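What follows is run.pdb (PDB, C-alpha atoms, pLDDT in the B column).
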ATOM      1  CA  MET A   1      97.597 -82.610  74.281  1.00 77.00           C
ATOM      2  CA  ILE A   2      99.688 -84.948  76.409  1.00 83.00           C
ATOM      3  CA  HIS A   3     102.844 -83.467  77.908  1.00 85.00           C
ATOM      4  CA  ALA A   4     106.031 -85.339  78.668  1.00 87.00           C
ATOM      5  CA  VAL A   5     106.592 -86.138  82.337  1.00 84.00           C
ATOM      6  CA  ASP A   6     109.927 -85.719  84.061  1.00 86.00           C
ATOM      7  CA  MET A   7     110.108 -89.192  85.628  1.00 85.00           C
ATOM      8  CA  SER A   8     112.774 -88.063  88.093  1.00 76.00           C
ATOM      9  CA  MET A   9     110.089 -85.870  89.681  1.00 76.00           C
ATOM     10  CA  VAL A  10     107.961 -88.997  90.054  1.00 79.00           C
ATOM     11  CA  SER A  11     110.545 -91.440  91.380  1.00 79.00           C
ATOM     12  CA  GLU A  12     113.145 -89.172  93.025  1.00 79.00           C
ATOM     13  CA  PRO A  13     111.806 -85.648  93.636  1.00 79.00           C
ATOM     14  CA  ARG A  14     114.538 -83.433  95.077  1.00 83.00           C
ATOM     15  CA  HIS A  15     112.278 -81.861  97.695  1.00 85.00           C
ATOM     16  CA  TYR A  16     112.318 -85.207  99.547  1.00 83.00           C
ATOM     17  CA  ASP A  17     116.113 -85.691  99.461  1.00 83.00           C
ATOM     18  CA  GLY A  18     116.951 -84.098 102.785  1.00 80.00           C
ATOM     19  CA  ASP A  19     120.673 -83.793 103.467  1.00 82.00           C
ATOM     20  CA  GLY A  20     121.610 -86.585 101.075  1.00 81.00           C
ATOM     21  CA  MET A  21     122.082 -89.019 103.947  1.00 88.00           C
ATOM     22  CA  ILE A  22     118.431 -89.805 104.639  1.00 92.00           C
ATOM     23  CA  LYS A  23     115.373 -89.313 102.471  1.00 92.00           C
ATOM     24  CA  CYS A  24     111.931 -88.370 103.710  1.00 93.00           C
ATOM     25  CA  ARG A  25     110.497 -91.819 102.951  1.00 93.00           C
ATOM     26  CA  ASP A  26     113.229 -93.511 105.010  1.00 93.00           C
ATOM     27  CA  ALA A  27     112.790 -91.150 107.971  1.00 95.00           C
ATOM     28  CA  LEU A  28     109.020 -91.615 107.782  1.00 95.00           C
ATOM     29  CA  ALA A  29     109.319 -95.403 107.645  1.00 95.00           C
ATOM     30  CA  SER A  30     111.707 -95.370 110.604  1.00 95.00           C
ATOM     31  CA  MET A  31     109.511 -93.211 112.833  1.00 93.00           C
ATOM     32  CA  MET A  32     106.414 -95.278 112.069  1.00 93.00           C
ATOM     33  CA  ALA A  33     108.013 -98.744 112.080  1.00 93.00           C
ATOM     34  CA  ARG A  34     107.067 -99.707 115.607  1.00 85.00           C
ATOM     35  CA  SER A  35     103.972 -97.595 115.949  1.00 82.00           C
ATOM     36  CA  ASP A  36     100.691 -98.804 117.357  1.00 92.00           C
ATOM     37  CA  VAL A  37      98.904 -95.702 116.061  1.00 94.00           C
ATOM     38  CA  PRO A  38      95.585 -96.508 114.323  1.00 94.00           C
ATOM     39  CA  ALA A  39      95.604 -96.481 110.509  1.00 94.00           C
ATOM     40  CA  GLU A  40      93.660 -93.236 110.028  1.00 96.00           C
ATOM     41  CA  ALA A  41      95.844 -91.377 112.516  1.00 96.00           C
ATOM     42  CA  SER A  42      98.977 -92.854 110.907  1.00 96.00           C
ATOM     43  CA  TYR A  43      97.889 -91.435 107.568  1.00 97.00           C
ATOM     44  CA  TYR A  44      97.529 -87.905 108.954  1.00 98.00           C
ATOM     45  CA  TRP A  45     100.787 -88.262 110.904  1.00 97.00           C
ATOM     46  CA  GLY A  46     102.644 -89.280 107.742  1.00 97.00           C
ATOM     47  CA  CYS A  47     101.101 -86.500 105.682  1.00 97.00           C
ATOM     48  CA  SER A  48     102.000 -83.929 108.336  1.00 98.00           C
ATOM     49  CA  PHE A  49     105.573 -85.167 108.378  1.00 97.00           C
ATOM     50  CA  LYS A  50     105.834 -85.041 104.572  1.00 96.00           C
ATOM     51  CA  TYR A  51     104.591 -81.448 104.358  1.00 97.00           C
ATOM     52  CA  LEU A  52     106.837 -80.311 107.194  1.00 96.00           C
ATOM     53  CA  TRP A  53     109.843 -82.027 105.606  1.00 96.00           C
ATOM     54  CA  ARG A  54     109.493 -80.364 102.209  1.00 95.00           C
ATOM     55  CA  TRP A  55     107.826 -76.983 102.856  1.00 96.00           C
ATOM     56  CA  HIS A  56     110.935 -74.872 102.269  1.00 95.00           C
ATOM     57  CA  LEU A  57     111.810 -76.697  99.017  1.00 93.00           C
ATOM     58  CA  LYS A  58     108.436 -77.066  97.347  1.00 94.00           C
ATOM     59  CA  ASP A  59     105.299 -75.049  98.098  1.00 93.00           C
ATOM     60  CA  GLY A  60     106.381 -72.862 101.021  1.00 97.00           C
ATOM     61  CA  MET A  61     103.537 -71.535 103.149  1.00 98.00           C
ATOM     62  CA  GLN A  62     100.993 -73.697 101.304  1.00 98.00           C
ATOM     63  CA  ASP A  63     102.734 -76.825 102.605  1.00 97.00           C
ATOM     64  CA  LEU A  64     102.789 -75.407 106.130  1.00 98.00           C
ATOM     65  CA  TYR A  65      99.032 -74.814 105.965  1.00 98.00           C
ATOM     66  CA  LYS A  66      98.564 -78.360 104.639  1.00 98.00           C
ATOM     67  CA  CYS A  67     100.701 -79.647 107.514  1.00 98.00           C
ATOM     68  CA  ARG A  68      98.579 -77.769 110.036  1.00 98.00           C
ATOM     69  CA  GLN A  69      95.389 -79.134 108.468  1.00 98.00           C
ATOM     70  CA  CYS A  70      96.761 -82.697 108.663  1.00 98.00           C
ATOM     71  CA  LEU A  71      97.799 -82.153 112.293  1.00 98.00           C
ATOM     72  CA  ASP A  72      94.286 -80.968 113.123  1.00 98.00           C
ATOM     73  CA  MET A  73      92.849 -84.071 111.440  1.00 98.00           C
ATOM     74  CA  LEU A  74      95.346 -86.253 113.340  1.00 98.00           C
ATOM     75  CA  ILE A  75      94.258 -84.734 116.648  1.00 98.00           C
ATOM     76  CA  GLU A  76      90.567 -85.144 115.760  1.00 98.00           C
ATOM     77  CA  SER A  77      91.162 -88.761 114.786  1.00 97.00           C
ATOM     78  CA  LEU A  78      92.921 -89.525 118.067  1.00 96.00           C
ATOM     79  CA  GLU A  79      90.270 -87.738 120.138  1.00 96.00           C
ATOM     80  CA  ARG A  80      87.464 -89.909 118.707  1.00 92.00           C
TER      81      ARG A  80
END
As structure tokens - that is how I would like this structure written.
Amino acid sequence: MIHAVDMSMVSEPRHYDGDGMIKCRDALASMMARSDVPAEASYYWGCSFKYLWRWHLKDGMQDLYKCRQCLDMLIESLER
């Protein structure tokens, strides 16, 4: 059975809204705009940021553990 999808949760999920003045995607784009960080490290950096941004609005401790895992992968990537 196929279930209906709430498209607002696809295009504008509330857990990325922030304070209504800046959204996660805009903050992320701004912090990475002039970065010379390698692609793999940038991926883990962005993921870490996303999980840290939304943890208290979405998956709580699970997002914090995901953030920590992404930070560890970022550090490993940069140490190589």
Need to verify the contact set: A:Trp55, 9 Å, all atoms listed in the file, exclusion of same-chain residues closer than 5 positions in sequence. Can you return it as a PyMOL selection string? chain A and resi 15+50+60-64+67
Taking the file as shown, what set of residues would the PyMOL selection byres ((chain A and resi 23-28) around 12) give back, as a compact mmCIF listing (two decimals) with C-alpha atoms, keeping the file's coordinate frame?
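Dumped to out-v1.txt:
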# COMPACT_ATOMS: atom_id res chain seq x y z
CA SER A 11 110.54 -91.44 91.38
CA GLU A 12 113.14 -89.17 93.02
CA PRO A 13 111.81 -85.65 93.64
CA ARG A 14 114.54 -83.43 95.08
CA HIS A 15 112.28 -81.86 97.70
CA TYR A 16 112.32 -85.21 99.55
CA ASP A 17 116.11 -85.69 99.46
CA GLY A 18 116.95 -84.10 102.78
CA ASP A 19 120.67 -83.79 103.47
CA GLY A 20 121.61 -86.58 101.08
CA MET A 21 122.08 -89.02 103.95
CA ILE A 22 118.43 -89.80 104.64
CA ALA A 29 109.32 -95.40 107.64
CA SER A 30 111.71 -95.37 110.60
CA MET A 31 109.51 -93.21 112.83
CA MET A 32 106.41 -95.28 112.07
CA ALA A 33 108.01 -98.74 112.08
CA ARG A 34 107.07 -99.71 115.61
CA SER A 35 103.97 -97.60 115.95
CA SER A 42 98.98 -92.85 110.91
CA TYR A 43 97.89 -91.44 107.57
CA TRP A 45 100.79 -88.26 110.90
CA GLY A 46 102.64 -89.28 107.74
CA CYS A 47 101.10 -86.50 105.68
CA SER A 48 102.00 -83.93 108.34
CA PHE A 49 105.57 -85.17 108.38
CA LYS A 50 105.83 -85.04 104.57
CA TYR A 51 104.59 -81.45 104.36
CA LEU A 52 106.84 -80.31 107.19
CA TRP A 53 109.84 -82.03 105.61
CA ARG A 54 109.49 -80.36 102.21
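Distances here use all atoms listed in the file; by that measure, the residue among A:Leu78, A:Ser8, A:Tyr65, A:His56 closest to A:Tyr44 is A:Leu78.
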Coordinates-based distance that separates atom CA of A:Ala41 from atom CA of A:Gln69 (Å, one decimal): 12.9 Å
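For the pair atom CA of A:Leu74 and atom CA of A:Lys58, the separation is 22.6 Å.
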Taking all atoms of stretch 4-16 of chain A that appear in the file, build a box with edges along x, y and z, extend it by 6 Å on every side, and state its centre and edge lengths in Å to one decimal, as JSON.
{"center_x": 110.3, "center_y": -86.7, "center_z": 89.1, "size_x": 20.5, "size_y": 21.6, "size_z": 32.9}
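Note that the spacing between atom CA of A:Ile2 and atom CA of A:Leu57 amounts to 26.9 Å.
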